file upload-v9.txt (compact mmCIF, C-alpha atoms)
# COMPACT_ATOMS: atom_id res chain seq x y z
CA MET A 742 5.54 23.93 -9.56
CA ASP A 743 2.10 24.75 -8.18
CA HIS A 744 3.53 26.95 -5.41
CA GLY A 745 2.64 30.21 -7.15
CA VAL A 746 -0.94 29.82 -5.94
CA SER A 747 -0.06 29.13 -2.32
CA VAL A 748 2.93 31.42 -1.79
CA GLY A 749 3.19 33.67 -4.87
CA PRO A 750 6.06 34.25 -7.33
CA ILE A 751 8.88 32.97 -5.15
CA GLN A 752 12.47 32.39 -6.27
CA GLY A 753 12.56 29.90 -9.11
CA LEU A 754 9.02 30.62 -10.22
CA THR A 755 9.29 34.20 -11.40
CA ASP A 756 10.14 33.06 -14.94
CA MET A 757 8.09 29.91 -15.38
CA ALA A 758 9.12 29.38 -19.00
CA GLU A 759 12.80 29.34 -18.06
CA THR A 760 12.31 27.00 -15.11
CA ILE A 761 10.19 24.57 -17.10
CA ASN A 762 12.71 24.60 -19.94
CA GLN A 763 15.50 23.79 -17.49
CA VAL A 764 13.82 20.76 -15.97
CA LYS A 765 12.34 19.33 -19.16
CA SER A 766 15.67 19.64 -20.99
CA ALA A 767 17.22 17.70 -18.09
CA GLY A 768 14.85 14.79 -18.58
CA ALA A 769 12.02 15.40 -16.12
CA ASP A 770 9.16 13.01 -16.87
CA ALA A 771 6.55 15.68 -16.22
CA VAL A 772 5.92 19.14 -14.83
CA LEU A 773 3.07 19.86 -12.44
CA VAL A 774 1.50 23.33 -12.76
CA HIS A 775 -1.77 25.18 -12.46
CA ALA A 776 -3.99 25.89 -15.46
CA GLY A 777 -2.88 29.47 -16.01
CA ILE A 778 0.74 28.41 -16.36
CA ALA A 779 -0.22 25.62 -18.74
CA LYS A 780 -2.02 28.16 -20.93
CA THR A 781 0.99 30.44 -21.26
CA VAL A 782 4.09 28.22 -21.09
CA ASP A 783 5.15 25.55 -23.57
CA ALA A 784 5.59 22.21 -21.79
CA THR A 785 5.98 20.28 -25.05
CA GLY A 786 8.56 17.56 -24.63
CA THR A 787 7.53 16.44 -21.18
CA GLY A 788 4.39 15.25 -19.46
CA LEU A 789 1.88 17.84 -18.28
CA ILE A 790 0.11 17.38 -14.94
CA ILE A 791 -2.40 20.10 -14.11
CA HIS A 792 -3.06 20.73 -10.45
CA LEU A 793 -6.75 21.20 -9.73
CA SER A 794 -6.75 22.38 -6.13
CA GLY A 795 -5.20 25.01 -3.93
CA ALA A 796 -5.40 27.79 -1.35
CA THR A 797 -3.21 30.77 -0.55
CA ARG A 798 -1.15 31.19 2.59
CA LEU A 799 -2.95 34.52 3.10
CA THR A 800 -6.18 32.85 4.17
CA ASN A 801 -6.98 31.85 7.75
CA GLU A 802 -7.16 28.21 6.64
CA PRO A 803 -4.38 27.52 4.12
CA ASN A 804 -4.73 23.75 4.65
CA TRP A 805 -8.27 23.83 3.23
CA LYS A 806 -7.63 23.14 -0.44
CA THR A 807 -10.51 23.73 -2.82
CA GLN A 808 -11.01 22.95 -6.50
CA LEU A 809 -9.73 25.71 -8.77
CA THR A 810 -9.87 24.08 -12.20
CA THR A 811 -12.13 21.52 -13.85
CA VAL A 812 -11.11 18.23 -15.38
CA LYS A 813 -12.46 19.33 -18.76
CA HIS A 814 -10.40 22.51 -18.65
CA ALA A 815 -7.29 20.49 -17.86
CA MET A 816 -8.00 18.22 -20.82
CA ARG A 817 -8.47 21.18 -23.15
CA LEU A 818 -5.03 22.37 -22.05
CA GLY A 819 -3.52 19.00 -23.00
CA ALA A 820 -3.08 17.48 -19.55
CA ASP A 821 -1.65 13.98 -19.38
CA ALA A 822 -2.90 13.71 -15.79
CA VAL A 823 -4.38 15.85 -13.04
CA SER A 824 -3.46 16.19 -9.40
CA VAL A 825 -5.36 17.06 -6.24
CA HIS A 826 -4.05 18.01 -2.80
CA ILE A 827 -5.74 16.51 0.27
CA ASN A 828 -4.62 17.28 3.81
CA VAL A 829 -5.57 14.18 5.77
CA GLY A 830 -6.52 15.17 9.30
CA SER A 831 -7.46 18.71 8.38
CA GLU A 832 -10.66 20.06 9.86
CA HIS A 833 -11.88 20.26 6.26
CA GLU A 834 -10.74 16.80 5.25
CA GLN A 835 -14.29 15.70 4.36
CA HIS A 836 -14.73 18.64 1.98
CA MET A 837 -11.50 17.79 0.14
CA LEU A 838 -12.41 14.10 -0.05
CA ASP A 839 -15.85 14.93 -1.41
CA GLN A 840 -14.36 17.09 -4.15
CA PHE A 841 -11.81 14.43 -5.01
CA SER A 842 -14.50 11.76 -5.33
CA ARG A 843 -16.24 13.88 -7.97
CA ILE A 844 -12.97 14.56 -9.78
CA LEU A 845 -12.15 10.85 -9.81
CA ASP A 846 -15.52 10.02 -11.32
CA GLU A 847 -15.01 12.53 -14.10
CA CYS A 848 -11.42 11.43 -14.75
CA ASP A 849 -12.51 7.80 -15.01
CA ASN A 850 -15.02 8.79 -17.68
CA PHE A 851 -12.23 10.28 -19.78
CA GLY A 852 -9.47 7.83 -18.91
CA LEU A 853 -7.38 10.60 -17.35
CA PRO A 854 -4.99 9.51 -14.55
CA THR A 855 -5.22 11.14 -11.14
CA LEU A 856 -2.36 11.95 -8.77
CA ALA A 857 -3.42 12.39 -5.15
CA MET A 858 -1.13 14.43 -2.91
CA MET A 859 -1.97 12.82 0.42
CA TYR A 860 -0.36 14.72 3.27
CA PRO A 861 -1.06 14.00 6.96
CA ARG A 862 -1.63 17.53 8.21
CA GLY A 863 -3.98 18.73 10.92
CA PRO A 864 -4.53 19.53 14.60
CA LYS A 865 -4.19 15.89 15.70
CA ILE A 866 -0.95 15.33 13.78
CA PRO A 867 2.14 16.60 15.64
CA ASN A 868 4.56 14.81 13.31
CA GLU A 869 3.75 14.75 9.59
CA LEU A 870 6.51 12.19 8.95
CA ALA A 871 5.34 9.65 11.53
CA PRO A 872 4.99 6.26 9.79
CA GLU A 873 1.50 5.59 11.12
CA VAL A 874 0.01 8.82 9.75
CA VAL A 875 1.90 8.61 6.45
CA ALA A 876 0.65 5.03 6.10
CA HIS A 877 -2.93 6.11 6.77
CA ALA A 878 -2.79 9.00 4.30
CA THR A 879 -1.21 6.82 1.60
CA ARG A 880 -3.71 4.03 2.10
CA LEU A 881 -6.58 6.54 1.98
CA GLY A 882 -5.43 7.74 -1.45
CA TYR A 883 -5.37 4.15 -2.68
CA GLU A 884 -8.72 3.30 -1.11
CA ILE A 885 -10.57 6.20 -2.72
CA GLY A 886 -9.23 5.39 -6.17
CA ALA A 887 -6.18 7.53 -6.98
CA ASP A 888 -3.98 6.19 -9.77
CA VAL A 889 -0.80 7.53 -8.16
CA VAL A 890 -0.28 8.60 -4.54
CA LYS A 891 2.23 11.23 -3.48
CA THR A 892 3.15 11.45 0.19
CA ASN A 893 5.87 12.31 2.69
CA TYR A 894 8.96 10.17 3.17
CA THR A 895 9.10 8.83 6.71
CA GLY A 896 12.85 9.15 6.97
CA ASN A 897 13.31 5.40 7.25
CA ILE A 898 13.59 2.86 4.45
CA GLU A 899 11.92 0.00 6.32
CA THR A 900 8.87 1.95 7.50
CA PHE A 901 8.43 3.47 4.05
CA ARG A 902 8.71 0.04 2.43
CA GLU A 903 5.82 -1.17 4.58
CA ILE A 904 3.76 1.80 3.44
CA VAL A 905 4.53 1.22 -0.25
CA ASN A 906 3.69 -2.48 0.13
CA SER A 907 0.30 -1.66 1.66
CA VAL A 908 -1.04 -0.20 -1.60
CA LYS A 909 -1.32 -1.48 -5.17
CA VAL A 910 -0.77 1.79 -7.01
CA PRO A 911 2.50 3.68 -7.57
CA VAL A 912 3.69 5.76 -4.62
CA ILE A 913 5.89 8.79 -5.23
CA VAL A 914 7.72 10.78 -2.60
CA ALA A 915 7.40 14.51 -1.93
CA GLY A 916 10.47 16.71 -1.73
CA GLY A 917 9.38 18.49 1.43
CA PRO A 918 10.48 21.94 2.63
CA LYS A 919 13.49 23.65 1.07
CA THR A 920 16.70 22.17 2.44
CA GLN A 921 20.08 23.85 2.76
CA ASN A 922 21.81 20.96 1.03
CA GLY A 923 20.73 19.48 -2.28
CA ASN A 924 22.27 16.20 -1.21
CA ASP A 925 19.54 15.83 1.41
CA THR A 926 16.96 15.73 -1.37
CA LEU A 927 18.99 13.20 -3.33
CA GLN A 928 19.22 11.01 -0.24
CA ILE A 929 15.46 11.14 0.34
CA VAL A 930 14.75 10.12 -3.24
CA HIS A 931 17.43 7.42 -3.25
CA ASP A 932 16.17 5.88 -0.01
CA SER A 933 12.51 6.06 -1.00
CA MET A 934 13.30 4.31 -4.30
CA LYS A 935 15.16 1.63 -2.36
CA ALA A 936 11.98 1.21 -0.30
CA GLY A 937 9.95 0.61 -3.46
CA ALA A 938 8.69 4.06 -4.43
CA ALA A 939 7.88 4.60 -8.10
CA GLY A 940 9.44 8.05 -8.29
CA ALA A 941 9.51 11.52 -6.83
CA SER A 942 7.70 14.82 -7.23
CA ILE A 943 10.06 17.58 -6.13
CA GLY A 944 9.26 21.29 -5.98
CA ARG A 945 11.38 23.85 -4.14
CA ASN A 946 14.39 21.56 -3.83
CA VAL A 947 14.59 21.52 -7.62
CA PHE A 948 13.34 24.89 -8.87
CA GLN A 949 15.15 26.77 -6.07
CA ASP A 950 18.37 24.78 -6.43
CA LYS A 951 21.41 26.69 -7.67
CA ASP A 952 21.24 24.55 -10.80
CA PRO A 953 17.77 23.09 -11.44
CA SER A 954 18.89 21.34 -14.62
CA ALA A 955 21.76 19.54 -12.95
CA ILE A 956 19.83 18.32 -9.93
CA THR A 957 17.02 17.18 -12.23
CA ARG A 958 19.46 15.11 -14.26
CA ILE A 959 20.80 13.52 -11.10
CA LEU A 960 17.28 12.73 -9.89
CA VAL A 961 16.58 11.11 -13.26
CA GLU A 962 19.69 8.96 -12.76
CA ILE A 963 18.46 7.87 -9.33
CA VAL A 964 14.88 7.13 -10.37
CA HIS A 965 15.48 5.55 -13.77
CA ASN A 966 19.00 4.17 -13.57
CA ASN A 967 19.34 3.27 -9.90
CA ALA A 968 22.33 5.56 -9.37
CA SER A 969 23.76 5.41 -5.87
CA ILE A 970 24.43 8.35 -3.58
CA PRO A 971 28.23 7.78 -3.33
CA GLN A 972 28.38 8.07 -7.12
CA ILE A 973 26.45 11.32 -7.34
CA ASN A 974 27.36 13.34 -4.25
CA PRO A 975 29.50 16.37 -5.13
CA THR A 976 32.74 16.37 -3.12
CA ASN A 977 35.55 18.85 -2.61
CA GLY A 978 33.73 21.66 -4.32
CA GLU A 979 32.68 19.64 -7.35
CA LYS A 980 29.77 20.92 -9.37
CA TYR A 981 26.85 18.72 -10.32
CA GLU A 982 27.95 18.79 -13.96
CA THR A 983 31.28 17.19 -12.98
CA VAL A 984 29.51 14.50 -11.03
CA LEU A 985 27.22 13.75 -13.96
CA ALA A 986 30.21 13.40 -16.25
CA ARG A 987 31.79 11.08 -13.72
CA THR A 988 28.71 8.87 -13.52

call {"tool": "encode", "arguments": {"input": "upload-v9.txt", "output": "structure tokens"}}
result
Amino acid sequence: MDHGVSVGPIQGLTDMAETINQVKSAGADAVLVHAGIAKTVDATGTGLIIHLSGATRLTNEPNWKTQLTTVKHAMRLGADAVSVHINVGSEHEQHMLDQFSRILDECDNFGLPTLAMMYPRGPKIPNELAPEVVAHATRLGYEIGADVVKTNYTGNIETFREIVNSVKVPVIVAGGPKTQNGNDTLQIVHDSMKAGAAGASIGRNVFQDKDPSAITRILVEIVHNNASIPQINPTNGEKYETVLART
């Protein structure tokens, strides 16, 4: 839920306390927010990941993420981990990598885990889901020392399995742009888990869902209990709550 920096108070993020309460009560393992949110909203009862980097969509170069918060500040706020966003292939890739190397060094001193959001995104990348660029971005996160790597799902179980197998740290899948159908998100997470992913980090497709609590509970079932899509897909106008009761 770091989108408030990049795009402002969009639907689902106007009342951060309510949204965080919905997902943590539904069993989310952690919430990912910027420092200002962590200072003002109670995330007790779930893990707290503080995002250290960002840029607004109002700038000429929104893909150039810069450090906004220090590791020490995150620790003072009770962070269980920190995250950094790196656009691999960006014209400012080297700047983001340099900042991340310094963050990693500081986190290692304190024993604080780092999550690297490694997205293939730049002028030489026409397809951000292409297996070869997702593989490169994921491997880069592993090579430079991230404890967990978040990246795009390629859309194919076999190609994503090869990517997961090429690194020795947990890989989690991003939720991607807002979809029209919550089932699309469930399918992405289900298939990525089948490929060997360790979990998922979902933004708009959870906090902008018609029922963030319900879709979070279903995602928990997929990630932790290996629930299958036929079991959890709403049919004939069913609501998520009915599906959960059925599973």

call {"tool": "residues_around", "arguments": {"input": "upload-v9.txt", "residues": "segment 754-764 of chain A", "least_positions_apart": "4", "cutoff": "10 Å", "atoms": "all atoms listed in the file", "output": "PyMOL selection string"}}
result
chain A and resi 742-745+749-750+768-774+778-779+781-787+945+947-949+952-958

call {"tool": "closest_residue", "arguments": {"input": "upload-v9.txt", "among": "A:Ala820, A:Val829, A:Ile791, A:Ile970", "to": "Lys806 of chain A", "atoms": "only C-alpha atoms"}}
result
A:Val829

call {"tool": "closest_residue", "arguments": {"input": "upload-v9.txt", "among": "A:Leu845, A:Met859, A:Leu799, A:Val908", "to": "Tyr894 of chain A", "atoms": "all atoms listed in the file"}}
result
A:Met859

call {"tool": "closest_residue", "arguments": {"input": "upload-v9.txt", "among": "A:Leu856, A:Val914, A:Ile929, A:Ala815", "to": "Gly896 of chain A", "atoms": "all atoms listed in the file"}}
result
A:Ile929

call {"tool": "atom_distance", "arguments": {"input": "upload-v9.txt", "atom1": "atom CA of Glu884 of chain A", "atom2": "atom CA of Ser747 of chain A"}}
result
27.3 Å

call {"tool": "atom_distance", "arguments": {"input": "upload-v9.txt", "atom1": "atom CA of Lys765 of chain A", "atom2": "atom CA of Leu960 of chain A"}}
result
12.4 Å

call {"tool": "closest_residue", "arguments": {"input": "upload-v9.txt", "among": "A:Gln835, A:Asp925, A:Pro918, A:Ala968", "to": "Gly944 of chain A", "atoms": "only C-alpha atoms"}}
result
A:Pro918

call {"tool": "residues_around", "arguments": {"input": "upload-v9.txt", "residues": "Thr797 of chain A", "least_positions_apart": "6", "cutoff": "8 Å", "atoms": "only C-alpha atoms", "output": "number ranges by chain"}}
result
A: 746-748, 803

call {"tool": "write_last_selection", "arguments": {"input": "upload-v9.txt", "atoms": "C-alpha atoms", "output": "short mmCIF file (atom, residue, chain, number, x, y, z; two decimals), keeping the file's coordinate frame"}}
result
data_model
loop_
_atom_site.label_atom_id
_atom_site.label_comp_id
_atom_site.auth_asym_id
_atom_site.auth_seq_id
_atom_site.Cartn_x
_atom_site.Cartn_y
_atom_site.Cartn_z
CA VAL A 746 -0.94 29.82 -5.94
CA SER A 747 -0.06 29.13 -2.32
CA VAL A 748 2.93 31.42 -1.79
CA PRO A 803 -4.38 27.52 4.12
#

call {"tool": "residues_near_point", "arguments": {"input": "upload-v9.txt", "point": "(-11.0, 17.2, 2.5)", "cutoff": "12 Å", "atoms": "all atoms listed in the file", "output": "VMD selection string"}}
result
chain A and resid 794 to 795 804 to 808 825 to 842 857 to 863 878 881 to 882

call {"tool": "atom_distance", "arguments": {"input": "upload-v9.txt", "atom1": "atom CA of Ser933 of chain A", "atom2": "atom CA of Asp950 of chain A"}}
result
20.4 Å

call {"tool": "axis_aligned_box", "arguments": {"input": "upload-v9.txt", "around": "segment 756-759 of chain A", "padding_each_side": "3 Å", "output": "JSON"}}
result
{"center_x": 10.4, "center_y": 31.2, "center_z": -17.0, "size_x": 10.7, "size_y": 9.7, "size_z": 10.1}
